[in-house]
Structures are given as C-alpha cells and as structure tokens.
Amino acid sequence: MPTEFEERFASHPSDYVNYDTDRLREEFLVPKLFEADTVRLTYTHVDRMIVGGIMPVEKTVQLETVEALRSEYFLERRELGLINIGGSGTVEVDGKVHEIGHKEALYVGRGSVDVKLRSADKSKPAKFYLNSAPAHCAYPTVKVTKLEANVMERGASETCNQRVINQLLVNGVIQTCQLQMGMTELAPGSVWNTMPAHTHSRRMEAYMYFNVPEDQAVCHFMGPPQHTRTLWMHNEQAVISPTWSLHSGVGTANYTFIWGMAGENLDYDDMDFVQPHELR
Ligand SMILES: O=C[C@H](O)[C@@H](O)CC(=O)C(=O)O
Ligand SMILES: [Zn+2]
C-alpha cells in the first residue's frame, strides 16, 4: 500500500519571526491529506505527533509502519486517533470491525498490529483524518460518536464565534496516553475559532479545517501572542501549532475543524488565554 511520508523538524520562536510566507508554509502547513487508496503522513518532531489522512476508494488500505519509526508495526509504540470526515467506512483492528460514520471517531490503542480501512461506498469515500503520538501503555480501542462526546457551546453570534466544541477522544470520555482530539463546528455566520485565543506550552496542537465552502478560505493565525503570523488555508488542510504558538482562525465563510493535541498533560482546560486587544 503506498504511504507518502514527510518529516518536519521543530523550530524556535525567535527564528520563526524571520520566516517569509513560503518558509512558514513549508514548516507548518500540511497542504494535502487525502489521496485515493494512499496513506499520507506528516511526522512533526513537535511532540512527535503524526498528522495524516487515509481515503480508501477502490481498495482496503492498511496502515503500515514507516522506516522512520523503526518499528515492526505502526502502533508498536504509538496510539492513534481517527475522525472520519467523509462517507461511511470501516476500520478493522486485529480482526474486529468498527463501523465509523461521518464525523465519528475511533481511538486505537498501542499494540494494535493490523489496522485496515475501507469505504462503504467508493462513490462517497470515507476520509479518515488521523493524529498519532508515542504511547507509554495500551488503552482499549473505542469508537466515540457525538452521543458519547463532551459537547460544549462556546462564543456568540455578536462576536462571530458561535460554535460547538465536540470533545471526542479526550480524557474523561476515553482513556488515552497523551493524545486528545475533537471537532469544532461553527454556526452559520460565525467565522472565528478559538477566540479569545490561547497558548498551552504543555501541549502542541494540530488543526485540520474542513467543510470550507468551495472558493472560500480560512486565515489561520499562529505564533507567540505578540508576534503573530498568518497562513491562508484551504479545505482539508492541516497546520502544526508548536507549543509556543497560539492557534486561531477566521474564515471567509463558516467551516468545521478537527483539533488534536499531544504533550505533557491531558488537561483540556489548561490554557493561557490572550484577549483580542492584547494580540500583536
Ligand atoms: O486547546 C484546545 C483547542 O485549541 C480547541 O479545542 C479550541 C477550539 O476548538 C475552539 O475554541 O474553537
Ligand atoms: Zn489549543
């Protein structure tokens, strides 16, 4: 099965301020996640998270290990979170089949050897967005839907940031080693995510924007709160947020995004907020 693999190194905030647009995009943007019958992986040295996409169309796609991991199988020392943003599909983990519908998630525990992904209907393929992090122990593989999720309403239409934060694969919902993932849906007319913005130097984060209407875009903000930079992002692209960076975005239309974190703690509320008037 073809696996497209790319490695990214970590960067220092004092260097980052000198990056031009192209360099910023090379270091932090993951421009393409989904390609038919292919596993696409980007390994960042920021907390060693792997960000990727798997879109099975004609074939059953197997998640295989890559040379860089020097492991017998992908999840030998890792845990995995998957959220399906496409049509219905299945994920078979060591012989057990999990049906994963649109906007449903699966946590796959460390030590799972055989992971196979399929689409139910190739004319409406499943699109599994994935985050994976090193894991110190094995927790059970579990499916999580919005019914089991921790659902939080945040923001208001007056500040253009009314949204629903679905905590899917997070502490309190399931057991994980360091990975946490969820999905935030913006209400029609609301365009700002994660505003007021925050940092959490205990954890890195990756955002993946989807349901961005055709010809629209999301302007993603990153950097230390007093030294921000922007990356214009399109549908189904991801961005790596180092531990020193805030992560927030504004769309030219409403959209949905998946956030995923790895690092020092599992405390979602451990954030250092920055108010809009404090940003530079
Ligand atoms: O650390 C937490 C993450 O940045 C997101 O969950 C924030 C988010 O979805 C939002 O406010 O819209
Ligand atoms: Zn965050």
# chains A, B, ... in the order shown; residues from 1 in each chain; ligands from 1
$ residues_around --residues "A:Arg40" --least-positions-apart "4" --cutoff "12 Å" --atoms "only C-alpha atoms" --output "ChimeraX atom specification"
/A:1-7,30-36,50-56,61-66,127-131
$ residues_around --residues "stretch 215-226 of chain A" --least-positions-apart "5" --cutoff "9 Å" --atoms "only C-alpha atoms" --output "ChimeraX atom specification"
/A:13,16-17,191,197-199,209,231-235,239,241-242,244-255,274,278-280
$ residues_near_ligand --ligand "ligand 2" --cutoff "12 Å" --atoms "only C-alpha atoms and all ligand atoms" --output "PyMOL selection string"
chain A and resi 165+180-182+184+193-207+222+240-249+258-263+266-274
$ write_last_selection --atoms "C-alpha atoms" --output "PDB file, in the first residue's frame"
ATOM      1  CA  ILE A 165     -16.802  22.069  20.596  1.00  0.00           C
ATOM      2  CA  GLN A 180      -6.599  14.311  22.656  1.00  0.00           C
ATOM      3  CA  MET A 181      -8.850  15.013  19.682  1.00  0.00           C
ATOM      4  CA  GLY A 182     -12.121  16.726  18.949  1.00  0.00           C
ATOM      5  CA  THR A 184     -15.431  22.182  16.470  1.00  0.00           C
ATOM      6  CA  ASN A 193     -12.482  29.833  16.035  1.00  0.00           C
ATOM      7  CA  THR A 194     -10.572  29.797  19.292  1.00  0.00           C
ATOM      8  CA  MET A 195     -11.201  33.464  20.028  1.00  0.00           C
ATOM      9  CA  PRO A 196     -10.205  34.593  22.616  1.00  0.00           C
ATOM     10  CA  ALA A 197      -7.047  32.752  21.569  1.00  0.00           C
ATOM     11  CA  HIS A 198      -4.778  30.787  23.866  1.00  0.00           C
ATOM     12  CA  THR A 199      -1.480  29.006  24.202  1.00  0.00           C
ATOM     13  CA  HIS A 200      -0.680  25.873  26.234  1.00  0.00           C
ATOM     14  CA  SER A 201       3.037  25.241  26.382  1.00  0.00           C
ATOM     15  CA  ARG A 202       2.327  21.846  27.955  1.00  0.00           C
ATOM     16  CA  ARG A 203       0.861  20.597  24.646  1.00  0.00           C
ATOM     17  CA  MET A 204       1.341  21.081  20.921  1.00  0.00           C
ATOM     18  CA  GLU A 205      -1.709  21.090  18.679  1.00  0.00           C
ATOM     19  CA  ALA A 206      -2.701  20.486  15.066  1.00  0.00           C
ATOM     20  CA  TYR A 207      -5.784  21.925  13.360  1.00  0.00           C
ATOM     21  CA  MET A 222      -0.025  31.347  14.700  1.00  0.00           C
ATOM     22  CA  ILE A 240       1.027  22.345  13.068  1.00  0.00           C
ATOM     23  CA  SER A 241       0.963  24.572  16.135  1.00  0.00           C
ATOM     24  CA  PRO A 242       4.191  24.362  18.191  1.00  0.00           C
ATOM     25  CA  THR A 243       3.971  24.640  21.964  1.00  0.00           C
ATOM     26  CA  TRP A 244       4.884  28.357  21.879  1.00  0.00           C
ATOM     27  CA  SER A 245       2.176  29.227  19.376  1.00  0.00           C
ATOM     28  CA  LEU A 246      -1.410  30.321  19.602  1.00  0.00           C
ATOM     29  CA  HIS A 247      -3.795  28.765  17.082  1.00  0.00           C
ATOM     30  CA  SER A 248      -6.905  30.536  15.906  1.00  0.00           C
ATOM     31  CA  GLY A 249      -8.552  31.221  12.594  1.00  0.00           C
ATOM     32  CA  ILE A 258     -10.561  19.000  13.977  1.00  0.00           C
ATOM     33  CA  TRP A 259      -8.073  19.745  16.715  1.00  0.00           C
ATOM     34  CA  GLY A 260      -5.617  17.243  18.132  1.00  0.00           C
ATOM     35  CA  MET A 261      -3.052  17.611  20.883  1.00  0.00           C
ATOM     36  CA  ALA A 262      -0.137  15.731  22.422  1.00  0.00           C
ATOM     37  CA  GLY A 263       2.290  16.574  25.191  1.00  0.00           C
ATOM     38  CA  LEU A 266      -4.396  15.722  29.432  1.00  0.00           C
ATOM     39  CA  ASP A 267      -5.993  18.793  30.971  1.00  0.00           C
ATOM     40  CA  TYR A 268      -8.025  20.399  28.154  1.00  0.00           C
ATOM     41  CA  ASP A 269      -8.705  23.496  30.286  1.00  0.00           C
ATOM     42  CA  ASP A 270      -5.012  24.171  30.899  1.00  0.00           C
ATOM     43  CA  MET A 271      -4.841  27.196  28.598  1.00  0.00           C
ATOM     44  CA  ASP A 272      -3.276  30.633  28.868  1.00  0.00           C
ATOM     45  CA  PHE A 273      -5.833  32.961  27.300  1.00  0.00           C
ATOM     46  CA  VAL A 274      -4.963  36.088  25.353  1.00  0.00           C
TER      47      VAL A 274
END
$ residues_around --residues "A:Ala120" --least-positions-apart "4" --cutoff "9 Å" --atoms "only C-alpha atoms" --output "MDAnalysis selection string"
chainID A and resid 57 87:90 124:126
$ select_by_dssp --residues "stretch 16-107 of chain A" --states "strand (DSSP E or B)" --output "number ranges by chain"
A: 29-30, 36, 39-44, 50-55, 61-62, 78-84, 89-93, 96-100, 105-107
$ closest_residue --among "A:Ser11, A:Thr230, A:Thr60, A:Asn166" --to "ligand 1" --atoms "only C-alpha atoms and all ligand atoms"
A:Asn166
$ closest_residue --among "A:Gly155, A:Gly95, A:Gly81, A:Gly109" --to "ligand 1" --atoms "only C-alpha atoms and all ligand atoms"
A:Gly155
$ closest_residue --among "A:Leu147, A:Val164, A:Val39, A:Leu169" --to "ligand 1" --atoms "only C-alpha atoms and all ligand atoms"
A:Val164
$ closest_residue --among "A:Asp15, A:Asp121, A:Glu236, A:Glu79" --to "A:Tyr107" --atoms "only C-alpha atoms"
A:Glu79
$ closest_residue --among "A:His136, A:Arg77, A:Lys143, A:Arg70" --to "A:Lys103" --atoms "only C-alpha atoms"
A:Lys143
$ closest_residue --among "A:Leu168, A:Ser190, A:His277, A:Arg154" --to "ligand 1" --atoms "only C-alpha atoms and all ligand atoms"
A:Arg154
$ residues_around --residues "A:Met208" --least-positions-apart "6" --cutoff "6 Å" --atoms "only C-alpha atoms" --output "list in words"
Gln237, Ala238, Phe257 and Ile258 of chain A
$ atom_distance --atom1 "atom CA of A:Phe210" --atom2 "atom CA of A:Ile85"
8.0 Å
$ residues_around --residues "A:Ala138" --least-positions-apart "6" --cutoff "10 Å" --atoms "only C-alpha atoms" --output "list in words"
Leu75, Glu76, Arg77, Arg78, Glu79, Val108, Gly109, Arg110, Gly111, Ser112, Gln175, Thr176 and Cys177 of chain A
$ atom_distance --atom1 "atom CA of A:Ala135" --atom2 "atom CA of A:Leu179"
8.5 Å
$ atom_distance --atom1 "atom CA of A:Glu72" --atom2 "atom CA of A:Val115"
13.2 Å
$ decode --residues "stretch 234-250 of chain A" --atoms "N, CA and C atoms" --output "tab-separated table (two decimals), in the first residue's frame"
chain	number	residue	atom	x	y	z
A	234	HIS	N	-6.83	26.22	2.87
A	234	HIS	CA	-7.99	25.81	2.08
A	234	HIS	C	-8.58	24.53	2.65
A	235	ASN	N	-9.64	24.07	2.02
A	235	ASN	CA	-10.38	22.93	2.55
A	235	ASN	C	-9.48	21.70	2.73
A	236	GLU	N	-9.64	21.02	3.86
A	236	GLU	CA	-8.95	19.76	4.15
A	236	GLU	C	-7.43	19.89	4.18
A	237	GLN	N	-6.98	20.99	4.77
A	237	GLN	CA	-5.56	21.15	5.04
A	237	GLN	C	-5.35	21.24	6.55
A	238	ALA	N	-4.15	20.87	6.99
A	238	ALA	CA	-3.85	20.91	8.42
A	238	ALA	C	-2.69	21.86	8.68
A	239	VAL	N	-2.56	22.27	9.93
A	239	VAL	CA	-1.47	23.17	10.32
A	239	VAL	C	-0.94	22.73	11.69
A	240	ILE	N	0.37	22.75	11.82
A	240	ILE	CA	1.03	22.35	13.07
A	240	ILE	C	1.22	23.58	13.95
A	241	SER	N	0.80	23.47	15.19
A	241	SER	CA	0.96	24.57	16.13
A	241	SER	C	1.97	24.15	17.21
A	242	PRO	N	3.20	24.71	17.16
A	242	PRO	CA	4.19	24.36	18.19
A	242	PRO	C	3.73	24.83	19.56
A	243	THR	N	4.40	24.35	20.59
A	243	THR	CA	3.97	24.64	21.96
A	243	THR	C	3.99	26.13	22.30
A	244	TRP	N	4.79	26.92	21.58
A	244	TRP	CA	4.88	28.36	21.88
A	244	TRP	C	3.86	29.19	21.09
A	245	SER	N	3.05	28.51	20.32
A	245	SER	CA	2.18	29.23	19.38
A	245	SER	C	0.71	29.23	19.78
A	246	LEU	N	0.05	30.36	19.53
A	246	LEU	CA	-1.41	30.32	19.60
A	246	LEU	C	-1.92	29.70	18.30
A	247	HIS	N	-3.20	29.41	18.25
A	247	HIS	CA	-3.80	28.76	17.08
A	247	HIS	C	-5.23	29.23	17.06
A	248	SER	N	-5.57	29.96	16.02
A	248	SER	CA	-6.90	30.54	15.91
A	248	SER	C	-7.10	30.84	14.44
A	249	GLY	N	-8.35	30.95	14.01
A	249	GLY	CA	-8.55	31.22	12.59
A	249	GLY	C	-9.83	31.98	12.35
A	250	VAL	N	-9.86	32.63	11.19
A	250	VAL	CA	-11.10	33.31	10.76
A	250	VAL	C	-11.37	32.90	9.32
